[in-house]
Amino acid sequence: MAAEPAAPTGDPFGALGDAHRRHILALIAKGPRSVRVLADELPISRPAVSRHLRLLKDAGLVIEEPEGTRRIYRLRREGMEAMQAYLQQVWGDAATRFRLVAENTTPDSTDGDGNPG
């Protein structure tokens, strides 16, 4: 059984700013993996994979669990749910605002270029 993970200290969106970390997260989303397995699936070295995993772990997106002499990485459900909730709130609010503007804009209230007039 894994120990309770430490509270995230990093920014999950910052962690996902790197293509390799996004790829690692996508691979782990398909199932738990060790550093070796991840390195075999990526064009980067094991030490580089370990550094990326440390950032993902600090951001609260993955957890590591000891399995013999290896560490197995899995998605951290709470971290992924928090990101999903944030994005739904932001995009939901934006969609609501867009709908309100669209519903309250008439052809007569724009200039010739379609800008509010």
# chains A, B, ... in the order shown; residues from 1 in each chain; ligands from 1
call {"tool": "residues_around", "arguments": {"residues": "stretch 25-32 of chain A", "least_positions_apart": "4", "cutoff": "9 Å", "atoms": "only C-alpha atoms", "output": "ChimeraX atom specification"}}
result
/A:16,20-21,38,41,53,56,61-62,72-75
call {"tool": "write_last_selection", "arguments": {"atoms": "C-alpha atoms", "output": "tab-separated table (two decimals), in the first residue's frame"}}
result
chain	number	residue	atom	x	y	z
A	16	LEU	CA	1.93	20.27	-18.40
A	20	HIS	CA	7.44	15.21	-22.73
A	21	ARG	CA	5.49	15.57	-19.48
A	38	LEU	CA	8.34	5.01	-19.72
A	41	GLU	CA	8.44	4.43	-24.83
A	53	LEU	CA	8.06	12.50	-13.13
A	56	LEU	CA	4.48	15.81	-12.25
A	61	LEU	CA	-0.68	14.75	-10.97
A	62	VAL	CA	1.05	11.40	-10.33
A	72	ILE	CA	5.56	2.48	-10.22
A	73	TYR	CA	3.86	5.71	-11.27
A	74	ARG	CA	0.10	6.13	-11.43
A	75	LEU	CA	-2.23	9.07	-12.02
call {"tool": "select_by_dssp", "arguments": {"residues": "stretch 30-92 of chain A", "states": "alpha helix (DSSP H)", "output": "count of residues only"}}
result
37
call {"tool": "select_by_dssp", "arguments": {"residues": "stretch 11-115 of chain A", "states": "strand (DSSP E or B)", "output": "number ranges by chain"}}
result
A: 33-34, 62-67, 70-75, 110
call {"tool": "residues_around", "arguments": {"residues": "stretch 45-51 of chain A", "least_positions_apart": "6", "cutoff": "7 Å", "atoms": "only C-alpha atoms", "output": "list in words"}}
result
Val35, Arg36 and Ala39 of chain A
call {"tool": "write_last_selection", "arguments": {"atoms": "N, CA and C atoms", "output": "mmCIF file, in the first residue's frame"}}
result
data_model
loop_
_atom_site.group_PDB
_atom_site.id
_atom_site.type_symbol
_atom_site.label_atom_id
_atom_site.label_comp_id
_atom_site.auth_asym_id
_atom_site.auth_seq_id
_atom_site.Cartn_x
_atom_site.Cartn_y
_atom_site.Cartn_z
ATOM 1 N N VAL A 35 9.736 3.852 -14.406
ATOM 2 C CA VAL A 35 10.603 4.771 -15.158
ATOM 3 C C VAL A 35 11.177 4.057 -16.376
ATOM 4 N N ARG A 36 11.628 2.828 -16.190
ATOM 5 C CA ARG A 36 12.229 2.084 -17.299
ATOM 6 C C ARG A 36 11.241 1.911 -18.450
ATOM 7 N N ALA A 39 10.730 5.234 -20.139
ATOM 8 C CA ALA A 39 11.908 5.605 -20.939
ATOM 9 C C ALA A 39 11.971 4.801 -22.229
#
call {"tool": "atom_distance", "arguments": {"atom1": "atom CA of A:Leu55", "atom2": "atom CA of A:Ala15"}}
result
6.3 Å
